[in-house]
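> This is target04.cif (mmCIF, C-alpha atoms).
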data_structure
loop_
_atom_site.group_PDB
_atom_site.id
_atom_site.type_symbol
_atom_site.label_atom_id
_atom_site.label_comp_id
_atom_site.auth_asym_id
_atom_site.auth_seq_id
_atom_site.Cartn_x
_atom_site.Cartn_y
_atom_site.Cartn_z
ATOM 1 C CA MET I 1 117.915 98.819 114.385
ATOM 2 C CA PRO I 2 119.145 100.285 117.682
ATOM 3 C CA GLY I 3 117.267 103.164 119.250
ATOM 4 C CA VAL I 4 113.848 102.508 117.759
ATOM 5 C CA THR I 5 111.911 101.494 120.852
ATOM 6 C CA GLY I 6 109.253 103.554 122.593
ATOM 7 C CA ARG I 7 106.847 105.960 120.882
ATOM 8 C CA LEU I 8 108.456 107.144 117.667
ATOM 9 C CA MET I 9 107.420 110.343 115.884
ATOM 10 C CA LEU I 10 108.501 110.721 112.259
ATOM 11 C CA LEU I 11 108.313 114.161 110.666
ATOM 12 C CA ASP I 12 107.831 114.568 106.923
ATOM 13 C CA THR I 13 109.995 117.645 107.295
ATOM 14 C CA ALA I 14 109.549 119.232 103.862
ATOM 15 C CA SER I 15 105.785 118.823 104.087
ATOM 16 C CA LEU I 16 105.842 120.654 107.417
ATOM 17 C CA TYR I 17 108.191 123.485 106.485
ATOM 18 C CA PHE I 18 106.189 124.132 103.297
ATOM 19 C CA ARG I 19 103.094 124.471 105.501
ATOM 20 C CA ALA I 20 104.984 126.700 107.904
ATOM 21 C CA TYR I 21 106.202 128.872 105.021
ATOM 22 C CA PHE I 22 102.688 129.452 103.706
ATOM 23 C CA GLY I 23 101.110 129.644 107.170
ATOM 24 C CA VAL I 24 103.472 132.145 108.810
ATOM 25 C CA PRO I 25 103.735 135.629 107.249
ATOM 26 C CA ASP I 26 107.011 136.478 105.507
ATOM 27 C CA SER I 27 107.190 139.574 107.698
ATOM 28 C CA VAL I 28 108.820 137.228 110.250
ATOM 29 C CA LYS I 29 112.455 138.043 109.488
ATOM 30 C CA ALA I 30 115.995 137.722 110.783
ATOM 31 C CA PRO I 31 117.797 140.881 112.011
ATOM 32 C CA ASP I 32 119.214 141.405 108.498
ATOM 33 C CA GLY I 33 115.736 141.263 106.935
ATOM 34 C CA THR I 34 115.930 137.701 105.597
ATOM 35 C CA PRO I 35 112.583 135.876 105.917
ATOM 36 C CA VAL I 36 112.689 133.081 108.512
ATOM 37 C CA ASN I 37 108.970 132.281 108.560
ATOM 38 C CA ALA I 38 109.523 128.629 107.587
ATOM 39 C CA VAL I 39 112.275 128.182 110.184
ATOM 40 C CA ARG I 40 110.309 129.665 113.063
ATOM 41 C CA GLY I 41 107.073 128.064 111.921
ATOM 42 C CA LEU I 42 108.690 124.607 111.876
ATOM 43 C CA LEU I 43 110.133 125.132 115.375
ATOM 44 C CA ASP I 44 106.653 126.119 116.577
ATOM 45 C CA PHE I 45 105.225 122.984 114.922
ATOM 46 C CA ILE I 46 107.778 120.723 116.626
ATOM 47 C CA ASP I 47 107.141 122.415 119.966
ATOM 48 C CA ARG I 48 103.392 121.802 119.687
ATOM 49 C CA LEU I 49 103.827 118.207 118.505
ATOM 50 C CA VAL I 50 106.142 117.330 121.405
ATOM 51 C CA LYS I 51 103.836 119.026 123.924
ATOM 52 C CA ASP I 52 100.702 117.336 122.643
ATOM 53 C CA HIS I 53 101.998 113.846 121.825
ATOM 54 C CA ARG I 54 105.074 113.298 124.031
ATOM 55 C CA PRO I 55 107.147 111.058 121.745
ATOM 56 C CA ASP I 56 110.125 109.216 123.198
ATOM 57 C CA LEU I 57 111.910 109.333 119.862
ATOM 58 C CA LEU I 58 111.828 111.922 117.085
ATOM 59 C CA VAL I 59 113.267 111.896 113.568
ATOM 60 C CA ALA I 60 113.107 114.727 111.044
ATOM 61 C CA CYS I 61 112.979 112.800 107.752
ATOM 62 C CA MET I 62 114.375 114.646 104.741
ATOM 63 C CA ASP I 63 114.147 114.469 100.956
ATOM 64 C CA ALA I 64 117.738 113.729 99.920
ATOM 65 C CA ASP I 65 116.199 113.169 96.472
ATOM 66 C CA TRP I 66 112.668 114.480 95.986
ATOM 67 C CA ARG I 67 112.334 112.761 92.548
ATOM 68 C CA PRO I 68 114.450 109.591 92.525
ATOM 69 C CA GLN I 69 115.636 108.497 89.105
ATOM 70 C CA TRP I 70 114.527 104.907 89.708
ATOM 71 C CA ARG I 71 110.943 106.130 90.032
ATOM 72 C CA VAL I 72 111.251 108.373 86.965
ATOM 73 C CA ASP I 73 112.652 105.456 84.941
ATOM 74 C CA LEU I 74 109.454 103.527 85.663
ATOM 75 C CA ILE I 75 106.993 106.437 85.206
ATOM 76 C CA PRO I 76 108.625 109.399 83.382
ATOM 77 C CA SER I 77 105.786 111.769 84.315
ATOM 78 C CA TYR I 78 106.519 111.279 88.045
ATOM 79 C CA LYS I 79 106.644 114.809 89.544
ATOM 80 C CA ALA I 80 107.804 116.117 86.145
ATOM 81 C CA HIS I 81 105.604 119.231 86.406
ATOM 82 C CA ARG I 82 107.490 120.287 89.565
ATOM 83 C CA VAL I 83 110.952 120.331 87.987
ATOM 84 C CA ALA I 84 112.412 123.845 87.931
ATOM 85 C CA GLU I 85 115.767 122.820 86.442
ATOM 86 C CA GLU I 86 117.068 119.536 85.062
ATOM 87 C CA ARG I 87 120.561 118.577 86.192
ATOM 88 C CA ALA I 88 123.042 116.255 84.476
ATOM 89 C CA THR I 89 124.259 114.942 87.830
ATOM 90 C CA GLY I 90 122.335 114.713 91.077
ATOM 91 C CA PRO I 91 118.633 115.352 91.668
ATOM 92 C CA ASP I 92 116.759 117.821 89.462
ATOM 93 C CA GLN I 93 115.994 121.170 91.083
ATOM 94 C CA GLU I 94 112.476 121.283 92.517
ATOM 95 C CA GLU I 95 110.308 124.350 92.013
ATOM 96 C CA VAL I 96 110.403 126.047 95.431
ATOM 97 C CA PRO I 97 109.488 129.649 96.376
ATOM 98 C CA ASP I 98 112.533 131.950 96.189
ATOM 99 C CA THR I 99 112.384 132.930 99.852
ATOM 100 C CA LEU I 100 111.946 129.348 101.077
ATOM 101 C CA SER I 101 115.031 127.759 99.505
ATOM 102 C CA PRO I 102 117.541 129.745 101.621
ATOM 103 C CA GLN I 103 115.690 128.754 104.794
ATOM 104 C CA VAL I 104 116.145 125.006 104.311
ATOM 105 C CA PRO I 105 119.891 124.948 105.224
ATOM 106 C CA VAL I 106 119.063 127.045 108.301
ATOM 107 C CA ILE I 107 116.415 124.513 109.338
ATOM 108 C CA GLU I 108 118.972 121.722 108.942
ATOM 109 C CA GLU I 109 121.605 123.545 111.008
ATOM 110 C CA VAL I 110 119.156 124.326 113.796
ATOM 111 C CA LEU I 111 117.887 120.733 113.989
ATOM 112 C CA ASP I 112 121.481 119.474 114.138
ATOM 113 C CA ALA I 113 122.461 121.917 116.885
ATOM 114 C CA LEU I 114 119.360 120.950 118.857
ATOM 115 C CA GLY I 115 120.246 117.277 118.565
ATOM 116 C CA ILE I 116 117.038 116.272 116.778
ATOM 117 C CA ALA I 117 117.855 113.333 114.507
ATOM 118 C CA ARG I 118 117.763 114.398 110.856
ATOM 119 C CA VAL I 119 117.869 111.645 108.240
ATOM 120 C CA GLY I 120 117.934 111.810 104.471
ATOM 121 C CA VAL I 121 119.371 109.065 102.264
ATOM 122 C CA ALA I 122 120.757 109.618 98.755
ATOM 123 C CA GLY I 123 118.416 108.293 96.081
ATOM 124 C CA TYR I 124 115.345 108.263 98.316
ATOM 125 C CA GLU I 125 112.508 110.537 99.351
ATOM 126 C CA ALA I 126 111.561 111.333 102.932
ATOM 127 C CA ASP I 127 108.560 109.002 102.449
ATOM 128 C CA ASP I 128 110.972 106.099 101.959
ATOM 129 C CA VAL I 129 112.952 107.017 105.070
ATOM 130 C CA ILE I 130 109.669 107.161 106.998
ATOM 131 C CA GLY I 131 108.613 103.807 105.562
ATOM 132 C CA THR I 132 111.871 102.171 106.634
ATOM 133 C CA PHE I 133 111.859 103.608 110.160
ATOM 134 C CA THR I 134 108.249 102.430 110.459
ATOM 135 C CA ALA I 135 109.153 98.940 109.278
ATOM 136 C CA HIS I 136 111.878 98.673 111.933
ATOM 137 C CA ALA I 137 109.949 100.236 114.822
ATOM 138 C CA THR I 138 109.020 97.969 117.708
ATOM 139 C CA GLY I 139 106.679 100.446 119.391
ATOM 140 C CA PRO I 140 103.897 102.795 118.249
ATOM 141 C CA VAL I 141 104.630 105.258 115.437
ATOM 142 C CA ASP I 142 103.141 108.690 114.756
ATOM 143 C CA ILE I 143 103.841 109.947 111.219
ATOM 144 C CA VAL I 144 103.303 113.698 110.871
ATOM 145 C CA THR I 145 102.703 114.657 107.252
ATOM 146 C CA GLY I 146 100.488 116.634 104.947
ATOM 147 C CA ASP I 147 101.014 113.963 102.268
ATOM 148 C CA ARG I 148 98.196 111.420 101.968
ATOM 149 C CA ASP I 149 100.558 108.965 100.243
ATOM 150 C CA LEU I 150 101.733 107.899 103.691
ATOM 151 C CA TYR I 151 98.256 106.634 104.617
ATOM 152 C CA GLN I 152 99.524 103.351 103.156
ATOM 153 C CA LEU I 153 101.621 102.860 106.322
ATOM 154 C CA VAL I 154 98.669 103.041 108.741
ATOM 155 C CA ASP I 155 98.492 99.808 110.720
ATOM 156 C CA ASP I 156 96.302 99.551 113.821
ATOM 157 C CA ALA I 157 97.832 96.242 114.905
ATOM 158 C CA ARG I 158 101.287 97.856 115.097
ATOM 159 C CA GLY I 159 100.083 101.217 116.420
ATOM 160 C CA VAL I 160 101.084 103.122 113.272
ATOM 161 C CA ARG I 161 98.960 106.182 112.531
ATOM 162 C CA VAL I 162 99.257 109.329 110.441
ATOM 163 C CA LEU I 163 98.776 112.732 112.059
ATOM 164 C CA TYR I 164 97.589 114.909 109.181
ATOM 165 C CA PRO I 165 97.632 118.678 109.817
ATOM 166 C CA LEU I 166 94.309 120.363 109.133
ATOM 167 C CA LYS I 167 95.236 123.747 110.619
ATOM 168 C CA GLY I 168 98.844 124.134 111.639
ATOM 169 C CA VAL I 169 99.614 121.193 113.883
ATOM 170 C CA GLY I 170 97.213 122.209 116.615
ATOM 171 C CA THR I 171 94.391 120.490 114.745
ATOM 172 C CA LEU I 172 95.448 117.098 113.457
ATOM 173 C CA GLN I 173 93.411 114.409 111.764
ATOM 174 C CA MET I 174 94.248 111.169 113.567
ATOM 175 C CA THR I 175 94.299 108.745 110.668
ATOM 176 C CA ASP I 176 93.821 105.121 111.692
ATOM 177 C CA GLU I 177 92.316 102.178 109.809
ATOM 178 C CA ALA I 178 88.762 102.965 110.970
ATOM 179 C CA TRP I 179 89.090 106.478 109.506
ATOM 180 C CA LEU I 180 90.519 105.109 106.248
ATOM 181 C CA ARG I 181 87.708 102.575 105.871
ATOM 182 C CA GLU I 182 85.109 105.283 106.517
ATOM 183 C CA LYS I 183 86.702 107.731 104.071
ATOM 184 C CA TYR I 184 88.097 105.484 101.336
ATOM 185 C CA GLY I 185 86.753 101.988 101.961
ATOM 186 C CA VAL I 186 90.262 100.535 102.392
ATOM 187 C CA ASP I 187 92.719 99.905 105.198
ATOM 188 C CA GLY I 188 96.318 101.129 105.242
ATOM 189 C CA GLY I 189 97.591 98.272 103.110
ATOM 190 C CA GLY I 190 94.930 98.930 100.465
ATOM 191 C CA TYR I 191 95.525 102.664 100.202
ATOM 192 C CA ALA I 192 98.542 102.329 97.878
ATOM 193 C CA ASP I 193 96.481 100.228 95.449
ATOM 194 C CA LEU I 194 93.664 102.781 95.614
ATOM 195 C CA ALA I 195 96.065 105.643 94.903
ATOM 196 C CA LEU I 196 97.704 103.732 92.063
ATOM 197 C CA LEU I 197 94.381 103.044 90.327
ATOM 198 C CA ARG I 198 92.961 106.520 90.961
ATOM 199 C CA GLY I 199 96.131 108.357 90.017
ATOM 200 C CA ASP I 200 97.497 111.533 91.554
ATOM 201 C CA PRO I 201 97.997 114.626 89.362
ATOM 202 C CA SER I 202 100.067 116.309 92.104
ATOM 203 C CA ASP I 203 102.677 113.557 91.717
ATOM 204 C CA GLY I 204 102.281 113.094 87.958
ATOM 205 C CA LEU I 205 100.749 109.630 88.350
ATOM 206 C CA PRO I 206 98.233 109.024 85.537
ATOM 207 C CA GLY I 207 96.231 106.234 87.172
ATOM 208 C CA VAL I 208 93.945 104.009 85.132
ATOM 209 C CA PRO I 209 91.772 106.166 82.841
ATOM 210 C CA GLY I 210 88.119 106.003 83.839
ATOM 211 C CA ILE I 211 88.850 104.435 87.252
ATOM 212 C CA GLY I 212 88.210 107.100 89.857
ATOM 213 C CA GLU I 213 88.411 106.865 93.627
ATOM 214 C CA LYS I 214 84.962 105.350 94.191
ATOM 215 C CA THR I 215 85.335 102.783 91.423
ATOM 216 C CA ALA I 216 88.799 101.855 92.681
ATOM 217 C CA ALA I 217 87.429 101.343 96.192
ATOM 218 C CA LYS I 218 84.605 99.134 94.853
ATOM 219 C CA LEU I 219 87.026 97.035 92.815
ATOM 220 C CA LEU I 220 89.302 96.559 95.819
ATOM 221 C CA ALA I 221 86.333 95.579 97.983
ATOM 222 C CA GLU I 222 85.267 93.042 95.347
ATOM 223 C CA PHE I 223 88.651 91.549 94.419
ATOM 224 C CA GLY I 224 90.837 92.221 97.480
ATOM 225 C CA ASP I 225 93.888 93.901 96.024
ATOM 226 C CA LEU I 226 95.517 95.020 92.783
ATOM 227 C CA ALA I 227 96.617 91.477 91.900
ATOM 228 C CA GLY I 228 93.056 90.247 92.431
ATOM 229 C CA ILE I 229 91.672 92.975 90.183
ATOM 230 C CA MET I 230 94.108 92.198 87.378
ATOM 231 C CA ALA I 231 93.364 88.470 87.710
ATOM 232 C CA ALA I 232 89.678 89.332 87.303
ATOM 233 C CA VAL I 233 90.460 91.028 83.980
ATOM 234 C CA ASP I 234 91.495 87.600 82.669
ATOM 235 C CA ASP I 235 88.460 85.864 84.168
ATOM 236 C CA PRO I 236 85.404 86.197 81.911
ATOM 237 C CA LYS I 237 83.156 85.304 84.863
ATOM 238 C CA ALA I 238 84.458 88.126 87.055
ATOM 239 C CA LYS I 239 82.062 90.977 87.808
ATOM 240 C CA LEU I 240 83.661 93.710 85.729
ATOM 241 C CA THR I 241 81.833 95.945 83.302
ATOM 242 C CA PRO I 242 83.087 95.760 79.697
ATOM 243 C CA SER I 243 84.548 99.260 79.970
ATOM 244 C CA GLN I 244 86.346 98.461 83.261
ATOM 245 C CA ARG I 245 87.790 95.292 81.773
ATOM 246 C CA LYS I 246 88.977 97.160 78.675
ATOM 247 C CA ARG I 247 90.527 100.052 80.618
ATOM 248 C CA LEU I 248 92.329 97.791 83.055
ATOM 249 C CA ASP I 249 93.579 95.580 80.242
ATOM 250 C CA GLU I 250 94.936 98.576 78.337
ATOM 251 C CA ALA I 251 96.577 99.873 81.524
ATOM 252 C CA ARG I 252 98.677 96.727 82.075
ATOM 253 C CA PRO I 253 102.029 98.438 81.277
ATOM 254 C CA TYR I 254 101.283 101.139 83.879
ATOM 255 C CA VAL I 255 99.948 98.676 86.455
ATOM 256 C CA ALA I 256 103.069 96.535 86.076
ATOM 257 C CA VAL I 257 105.456 99.319 87.169
ATOM 258 C CA ALA I 258 103.307 101.649 89.273
ATOM 259 C CA PRO I 259 103.402 99.655 92.536
ATOM 260 C CA LYS I 260 107.146 100.222 92.925
ATOM 261 C CA VAL I 261 106.639 103.955 92.333
ATOM 262 C CA VAL I 262 103.607 104.418 94.578
ATOM 263 C CA ARG I 263 104.603 102.222 97.513
ATOM 264 C CA VAL I 264 107.147 103.688 99.872
ATOM 265 C CA ALA I 265 110.382 101.760 100.270
ATOM 266 C CA GLY I 266 110.873 99.822 103.478
ATOM 267 C CA ASP I 267 114.500 98.868 102.966
ATOM 268 C CA VAL I 268 116.386 102.177 102.789
ATOM 269 C CA PRO I 269 119.962 101.868 104.159
ATOM 270 C CA LEU I 270 119.487 104.128 107.177
ATOM 271 C CA PRO I 271 122.488 105.582 109.007
ATOM 272 C CA GLU I 272 122.936 104.929 112.691
ATOM 273 C CA VAL I 273 121.466 107.908 114.528
ATOM 274 C CA ASP I 274 120.398 108.729 118.063
ATOM 275 C CA THR I 275 116.627 109.055 117.719
ATOM 276 C CA ALA I 276 115.998 109.921 121.391
ATOM 277 C CA LEU I 277 114.179 113.200 121.941
ATOM 278 C CA PRO I 278 116.919 115.541 123.230
ATOM 279 C CA LYS I 279 116.527 117.089 126.680
ATOM 280 C CA ALA I 280 119.224 119.679 126.015
ATOM 281 C CA PRO I 281 120.908 121.014 122.844
ATOM 282 C CA ARG I 282 123.675 118.909 121.340
ATOM 283 C CA ASP I 283 125.697 122.038 120.503
ATOM 284 C CA PRO I 284 124.577 124.944 122.743
ATOM 285 C CA ALA I 285 127.179 127.402 121.440
ATOM 286 C CA ARG I 286 126.233 126.740 117.817
ATOM 287 C CA LEU I 287 122.549 127.015 118.668
ATOM 288 C CA ASP I 288 123.109 130.365 120.414
ATOM 289 C CA ALA I 289 124.931 131.657 117.340
ATOM 290 C CA LEU I 290 122.145 130.487 115.031
ATOM 291 C CA ALA I 291 119.485 132.013 117.288
ATOM 292 C CA ALA I 292 121.255 135.373 117.206
ATOM 293 C CA ARG I 293 122.035 135.274 113.478
ATOM 294 C CA TRP I 294 118.502 134.358 112.426
ATOM 295 C CA GLY I 295 116.436 135.936 115.198
ATOM 296 C CA LEU I 296 114.801 132.694 116.271
ATOM 297 C CA GLY I 297 113.701 134.197 119.588
ATOM 298 C CA GLY I 298 110.542 132.907 121.184
ATOM 299 C CA SER I 299 110.073 129.993 118.771
ATOM 300 C CA LEU I 300 113.379 128.410 119.765
ATOM 301 C CA ASN I 301 113.046 129.282 123.454
ATOM 302 C CA ARG I 302 109.612 127.673 123.663
ATOM 303 C CA LEU I 303 110.898 124.480 122.057
ATOM 304 C CA LEU I 304 113.920 124.341 124.379
ATOM 305 C CA THR I 305 111.629 124.731 127.402
ATOM 306 C CA THR I 306 109.387 121.927 126.113
ATOM 307 C CA LEU I 307 112.349 119.612 125.494
ATOM 308 C CA GLU I 308 113.764 120.265 128.974
ATOM 309 C CA ALA I 309 110.395 119.411 130.521
#
As structure tokens - that is how I would like this structure written.

Amino acid sequence: MPGVTGRLMLLDTASLYFRAYFGVPDSVKAPDGTPVNAVRGLLDFIDRLVKDHRPDLLVACMDADWRPQWRVDLIPSYKAHRVAEERATGPDQEEVPDTLSPQVPVIEEVLDALGIARVGVAGYEADDVIGTFTAHATGPVDIVTGDRDLYQLVDDARGVRVLYPLKGVGTLQMTDEAWLREKYGVDGGGYADLALLRGDPSDGLPGVPGIGEKTAAKLLAEFGDLAGIMAAVDDPKAKLTPSQRKRLDEARPYVAVAPKVVRVAGDVPLPEVDTALPKAPRDPARLDALAARWGLGGSLNRLLTTLEA
């Protein structure tokens, strides 16, 4: 894939603008009184990330479909509790704060005018776009997200790490395999299996009843991976307690489909985009108009200064 050489930074954009929305007061408004706290907060985040980490390449990855039907077909409860409105065609409407929804198109317009690559692919989540860019990257990758699901992509050998915001983006948890082993007892490749077994209520993933995080980590340490654990269920000599064996056996239908739901895709048909970090705006006139219309002021000016440097 052309353009993916050098240090690549991938933004889980929705994760970041949600954080900006809740972290920046809604008193930050455009001249007409419309809240722009998520817009300005995201610009401030990008400014700080570029200053601190100096990527060569930057992609704002988007949720073209936050709840893909192919995942729902496998696990109907997937993100079901976050549906605000079901739609006959296209993605269901996600439950989003009233004053955030109108800011998302503004964010998209500003990123486009700046010349920051923005990629969403129909039928896929931003996680899948991130997974595919990561799979194609030939240099180190920094994934910026508040979603622990992407820990599964951490790979020290390839220089892939997750920068997880603890407070804004000024304080980031640098998630590498040593951190994952210390925290969860698994490496990046094992995290998806851990999450699958443990479940994740925030995504509507039931997990295996009675198999919590610590038990999942112990089973993975003992049997290597999900396939090894399920093979142990069929092996009467394997070191499983009767209750573990019973629960895992009963969970076979879930375990059979969950990997495709939990693991991010690595084969999304990405469009050809210029991922280079822009030094100057792609469309200065459009950016000036957006800055005036939405009162982007210091947030945009700081980012432009950082990009020029």
> Running the PyMOL selection byres ((chain I and resi 276) around 8) on this model by hand, what would come out? Give it as a list in words.
Gly3, Asp56, Leu57, Leu58, Ile116, Ala117, Asp274, Thr275, Leu277 and Pro278 of chain I
> Could you pull the residues within 8 Å of range 139-154 of chain I, counting all atoms listed in the file, minus those fewer than 2 positions along the same chain, as a VMD selection string?
chain I and resid 4 to 13 15 to 16 127 130 to 131 134 137 156 158 to 165 175 to 177 187 to 192 195 262 to 264
> With the PyMOL selection byres ((chain I and resi 21) around 10) as the selection, what would be picked from this file? Answer as a list in words, please.
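Here the PyMOL selection byres ((chain I and resi 21) around 10) matches Leu16, Tyr17, Phe18, Arg19, Ala20, Phe22, Gly23, Val24, Pro25, Asp26, Pro35, Val36, Asn37, Ala38, Val39, Arg40, Gly41, Leu42, Pro97, Thr99, Leu100 and Gln103 of chain I.
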> Near Asp249 in chain I, within 12 Å and counting only C-alpha atoms, which residues show up once chain neighbours fewer than 6 positions away are dropped, as a PyMOL selection string?
chain I and resi 208-209+229-235+240+242-243+255-256
> So for range 159-172 of chain I, what box centre and size do we get, axis-aligned, 5 Å extra on each of the six sides, every listed atom, Å to one decimal, as AutoDock Vina command-line options?

--center_x 97.7 --center_y 112.7 --center_z 112.9 --size_x 16.8 --size_y 32.9 --size_z 17.5
> Between I:Ile46, I:Leu205, I:Ala227, I:Ala216, single out the one closest to Val72 in chain I, counting only C-alpha atoms.
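Of all the options, I:Leu205 lies closest to Val72 in chain I.
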> Find, counting only C-alpha atoms, the residue in I:Asp193, I:Asp128, I:Glu86, I:Asp98 that gets nearest to Asp267 in chain I.
I:Asp128
> Counting all atoms listed in the file, figure out which residue out of I:Gln244, I:Gln69, I:Ser27, I:Thr34 gets nearest to Arg293 in chain I.
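Of I:Gln244, I:Gln69, I:Ser27, I:Thr34, the one nearest Arg293 in chain I is I:Thr34, counting all atoms listed in the file.
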> Could N, CA and C atoms be built for range 170-189 of chain I and written out as a CSV table (one decimal), keeping the file's coordinate frame?

chain,number,residue,atom,x,y,z
I,170,GLY,N,98.1,122.2,115.4
I,170,GLY,CA,97.2,122.2,116.6
I,170,GLY,C,96.0,121.4,116.4
I,171,THR,N,95.5,121.3,115.1
I,171,THR,CA,94.4,120.5,114.7
I,171,THR,C,94.9,119.4,113.8
I,172,LEU,N,94.9,118.2,114.3
I,172,LEU,CA,95.4,117.1,113.5
I,172,LEU,C,94.4,116.1,113.2
I,173,GLN,N,94.3,115.5,112.1
I,173,GLN,CA,93.4,114.4,111.8
I,173,GLN,C,94.2,113.1,112.1
I,174,MET,N,93.6,112.4,113.1
I,174,MET,CA,94.2,111.2,113.6
I,174,MET,C,93.8,110.0,112.6
I,175,THR,N,94.7,109.7,111.7
I,175,THR,CA,94.3,108.7,110.7
I,175,THR,C,94.7,107.3,111.1
I,176,ASP,N,93.6,106.5,111.4
I,176,ASP,CA,93.8,105.1,111.7
I,176,ASP,C,93.0,104.3,110.7
I,177,GLU,N,93.0,103.0,110.8
I,177,GLU,CA,92.3,102.2,109.8
I,177,GLU,C,90.8,102.4,109.8
I,178,ALA,N,90.2,102.7,110.9
I,178,ALA,CA,88.8,103.0,111.0
I,178,ALA,C,88.5,104.2,110.1
I,179,TRP,N,89.3,105.2,110.3
I,179,TRP,CA,89.1,106.5,109.5
I,179,TRP,C,89.3,106.2,108.0
I,180,LEU,N,90.3,105.4,107.7
I,180,LEU,CA,90.5,105.1,106.2
I,180,LEU,C,89.4,104.3,105.6
I,181,ARG,N,88.8,103.4,106.4
I,181,ARG,CA,87.7,102.6,105.9
I,181,ARG,C,86.5,103.4,105.7
I,182,GLU,N,86.3,104.4,106.6
I,182,GLU,CA,85.1,105.3,106.5
I,182,GLU,C,85.3,106.2,105.3
I,183,LYS,N,86.5,106.7,105.1
I,183,LYS,CA,86.7,107.7,104.1
I,183,LYS,C,86.9,107.1,102.7
I,184,TYR,N,87.7,106.0,102.6
I,184,TYR,CA,88.1,105.5,101.3
I,184,TYR,C,87.7,104.0,101.1
I,185,GLY,N,87.2,103.4,102.1
I,185,GLY,CA,86.8,102.0,102.0
I,185,GLY,C,87.9,101.0,101.9
I,186,VAL,N,89.1,101.4,102.4
I,186,VAL,CA,90.3,100.5,102.4
I,186,VAL,C,91.0,100.7,103.7
I,187,ASP,N,91.9,99.7,104.0
I,187,ASP,CA,92.7,99.9,105.2
I,187,ASP,C,94.1,100.5,104.7
I,188,GLY,N,95.0,100.5,105.6
I,188,GLY,CA,96.3,101.1,105.2
I,188,GLY,C,97.0,100.4,104.1
I,189,GLY,N,97.0,99.1,104.2
I,189,GLY,CA,97.6,98.3,103.1
I,189,GLY,C,96.9,98.4,101.7
